[in-house]
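Asks: Sharing a structure here in structure tokens format.
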Amino acid sequence: MKDFRSVADAVAEEIAAGRLKAGERLPPQREFARLHAIADSTAARVYQELARRGLTVGQVGRGTFVTDAPGAPAPAPALSEPADSRIDLELNHPVVPEQAGLLAAGLAKLVRSDRLESVLRPVGPAGTPAAREAAADVLTRGRWRPDPDRILFAGNGRQAISAAVAALTRPGARLGVEEFTYPVLKAIAARLGVTLVPLAMDDDGLIPEAVEEAHRADPLHAVYVQPVLHNPLSLTMPARRLDHLADTLLTSGIDAIEDAVWAFLRDDAPPLASRAAERTVLVDGLSKRLSPGLSLGFAVAPAAAAGRVAGALRSGGWTPMRFPLEAMAQWQADGAVDVLERAKRREAGVRQEIAHRHLGGFRTRSDPLSYYRWWELPSPWRADTFVAAAARHGIAVTPAAAFTSGRHRGPQAVRLGLASPTRETLSRALATLADLARSAPEDFVGE
């Protein structure tokens, strides 16, 4: 199956070479699809991409024409200095070519007049029985399948995290977190008046003894942890570490918030919730699995905490809309969720190969199924100067300091998000960053 971006690139080359001239009309989308042996839905995305790049313009009733507007954007992001466009290696939104077609088919069944009224009715954090059953299937990993009656819904994954923190802590509470943690959690904790307690990690992830030591010094109310494909380090806890952490939580009476938003890429890795179900609120989301604009959050809460999590969702205004619940259930029933998860695992592998090709000579850390790469910069580069220098080349990367949960600035490292650009753009950006790292820091950036 052809990627719509590669087809759009070919048309862009035709325009750049003058073989398609300003004012020339492109064929209707269905005819274009037949000419290029692609699906009609792919042709539609090609035309949308060309318009986004400023290369074509659509005229109602007449068709799509090559633009003759002066100063139209270049067909691909520029990596020259100063940059004319921005390549985003900060945000991470996996997209695969078959995504639009699969999702459109499910949505078409929801917008029929005989169903639309029901799917637009309001719903609470418990959703519907059908939505909970579908969500349990979506969240199943290995031999673990959550109890549908324990599943609650939020507007998105971040809201599910917020509700879990609000439910398990209180203002002034101590929340243990990995020494490198999800930056949004830091903002959530600050808003809720919760103190973050950094906990040591090693190559297997969070160290259970660090949890015990911190709890002895001053009791922890809860721990936030990412056991599978940790962001930003891409670490996954082995079974023995997961068992040890579960024992620590159960023995110490500490609740855990398990962030599983990337765990669908490692469906063989069991969750902490399978080891310490009565102490763990597992939170997850739909957008990474399916599409950035499809937001729905999940919280699998033990019976003792379910009422508090539901109350936090209501009081925070974080309850879901019914439409994404119905869409999720439809996509699960159609098999679209499974197809897209498998496609995104394959795509992660391809992008990690691209990263290894350009960064193999540097000190980096990742996982073959991760969309992140952690890069320990060569001396004399500092993370802040490298981020600034990368920005001069139109590339946005995230410094290590964004992930540190303590007061220290962290190592001289950056996190690269590999998902959002096209493969070609990603390759060019990483080649540019590799060349940059081999050079001396720019004088204008700092000492």
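Residues are named by chain letter and number: chains run A, B, ... in the order of the structure tokens, numbers start at 1 in each chain, and ligands are numbered from 1 in the order shown.
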Which parts of stretch 339-394 of chain A does DSSP call strand (DSSP E) when run on the backbone here, written out as a list in words?
Replies: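 In stretch 339-394 of chain A, DSSP puts these residues in strand (DSSP E): Arg363, Thr364, Arg365, Tyr372, Arg373, Trp374, Trp375 and Glu376 of chain A.
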Asks: List every residue of stretch 133-217 of chain A that has an atom at most 10 Å from any atom of stretch 406-423 of chain A, giving for each one its closest atom pair and the distance in Å to one decimal, counting only C-alpha atoms, sorted by chain and then by ascending residue number, as CSV.
Replies:
```
residue,atom,partner,partner_atom,distance
A:Val177,CA,A:Gly406,CA,9.6
A:Glu178,CA,A:Gly406,CA,9.7
A:Glu179,CA,A:Gly406,CA,6.9
A:Phe180,CA,A:Gly406,CA,8.6
A:Thr181,CA,A:Gly406,CA,10.0
A:Leu196,CA,A:Gly406,CA,7.8
A:Val197,CA,A:Gly406,CA,7.3
A:Pro198,CA,A:Gly406,CA,5.7
A:Leu199,CA,A:Gly406,CA,9.1
```
Asks: What is the distance between atom CA of A:Asp88 and atom CA of A:Ala396, in Å to one decimal?
Replies: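 For atom CA of A:Asp88 relative to atom CA of A:Ala396, the distance reads 5.1 Å.
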Asks: So, counting only C-alpha atoms, which residue among A:Arg5, A:Lys186, A:Arg342, A:Arg438 is closest to A:Ala402?
Replies: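 The closest residue to A:Ala402 is A:Lys186.
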Asks: Can you work out the spacing between atom CA of A:Leu152 and atom CA of A:Val283 in Å, to one decimal?
Replies: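 That distance, rounded to one decimal, is 9.5 Å.
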Asks: Contacts of A:Asp384 at 9 Å or less, counting only C-alpha atoms, minus same-chain residues fewer than 5 places along, as a ChimeraX atom specification?
Replies: /A:389,399-401,412,414,445
Asks: Would you list the contacts of A:His358 as an mmCIF file with N, CA and C atoms, in the first residue's frame, taking every protein, DNA or RNA residue within 8 Å and counting only C-alpha atoms, but skipping same-chain residues closer than 2 positions in sequence?
Replies:
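Everything below was put into selection-v9.cif:
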```
data_model
loop_
_atom_site.group_PDB
_atom_site.id
_atom_site.type_symbol
_atom_site.label_atom_id
_atom_site.label_comp_id
_atom_site.auth_asym_id
_atom_site.auth_seq_id
_atom_site.Cartn_x
_atom_site.Cartn_y
_atom_site.Cartn_z
ATOM 1 N N ILE A 354 15.785 3.958 10.961
ATOM 2 C CA ILE A 354 16.235 5.242 10.423
ATOM 3 C C ILE A 354 17.107 5.961 11.452
ATOM 4 N N ALA A 355 16.643 5.961 12.701
ATOM 5 C CA ALA A 355 17.409 6.638 13.754
ATOM 6 C C ALA A 355 18.764 5.965 13.958
ATOM 7 N N HIS A 356 18.801 4.649 13.938
ATOM 8 C CA HIS A 356 20.074 3.952 14.131
ATOM 9 C C HIS A 356 21.035 4.242 12.980
ATOM 10 N N GLY A 360 23.772 5.878 15.034
ATOM 11 C CA GLY A 360 24.402 4.674 15.549
ATOM 12 C C GLY A 360 25.759 4.898 16.183
ATOM 13 N N GLY A 361 26.459 5.952 15.798
ATOM 14 C CA GLY A 361 27.772 6.226 16.365
ATOM 15 C C GLY A 361 27.735 7.021 17.652
ATOM 16 N N SER A 427 14.399 11.348 8.367
ATOM 17 C CA SER A 427 15.766 10.976 7.991
ATOM 18 C C SER A 427 16.620 12.220 7.764
ATOM 19 N N LEU A 430 17.347 13.916 11.212
ATOM 20 C CA LEU A 430 18.340 13.212 12.027
ATOM 21 C C LEU A 430 19.734 13.335 11.435
ATOM 22 N N ALA A 431 19.831 13.343 10.108
ATOM 23 C CA ALA A 431 21.131 13.558 9.473
ATOM 24 C C ALA A 431 21.675 14.937 9.829
ATOM 25 N N ALA A 434 22.791 14.895 13.483
ATOM 26 C CA ALA A 434 24.052 14.164 13.636
ATOM 27 C C ALA A 434 25.234 15.034 13.203
#
```
Asks: Skip A:Met237 itself and residues of its chain fewer than 4 positions away, then list as a ChimeraX atom specification all residues within 8 Å of it, counting only C-alpha atoms.
Replies: /A:204-205,227-228,241-242
Asks: Near stretch 158-170 of chain A, counting only C-alpha atoms, which residues have an atom at most 8 Å away, once you skip same-chain residues fewer than 4 positions from it, shown as a ChimeraX atom specification?
Replies: /A:153-154,174-175,184-185,188-189,192-194,221-222,255,257,259,281,283-284,297-299,305,308-313,316,318
Asks: For A:Gly285, find every residue with an atom within 8 Å (counting only C-alpha atoms), except residues of its own chain fewer than 3 positions away, and show them as a compact mmCIF listing (two decimals) with C-alpha atoms, in the first residue's frame.
Replies:
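Wrote it out as out-v8.txt, contents follow:
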```txt
# COMPACT_ATOMS: atom_id res chain seq x y z
CA ASN A 156 -8.36 11.97 27.08
CA GLY A 157 -5.40 10.21 28.66
CA VAL A 261 -0.31 4.98 27.10
CA LYS A 288 -1.67 7.04 20.24
CA ARG A 289 -3.34 3.81 19.15
CA SER A 295 -9.16 11.53 22.31
CA LEU A 296 -10.54 9.18 24.93
CA GLY A 297 -9.01 8.27 28.27
CA PHE A 298 -9.32 5.07 30.29
```
Asks: In Å, with one decimal, what is the gap from atom CA of A:Ala437 to atom CA of A:Asn92?
Replies: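 Atom-to-atom, atom CA of A:Ala437 and atom CA of A:Asn92 are spaced 22.3 Å apart.
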Asks: Choose the residue, out of A:Pro208, A:Pro183, A:Gly54, A:Gly106, that has the smallest atom-to-atom separation from A:Pro324; count only C-alpha atoms.
Replies: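 Under the stated criterion, the closest residue is A:Gly106.
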Asks: Nearest to A:Ala273: which of A:Trp144, A:Phe4, A:Phe323, A:Trp374 is it, counting only C-alpha atoms?
Replies: A:Trp144
Asks: So which one's closest to A:Glu14, A:Leu50, A:Ile151, A:Ala134, A:Val300? Using only C-alpha atoms, please.
Replies: A:Leu50
Asks: Counting only C-alpha atoms, figure out which residue out of A:Ala336, A:Ala131, A:Ile87, A:Leu235 gets nearest to A:Val397.
Replies: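 Comparing A:Ala336, A:Ala131, A:Ile87, A:Leu235 against A:Val397, the winner is A:Ile87.
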Asks: Using only C-alpha atoms, can you tell me which of A:Ala246, A:Ala306, A:Ala187, A:Leu265 comes closest to A:Arg346?
Replies: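 Among the listed residues, the smallest separation from A:Arg346 belongs to A:Leu265.
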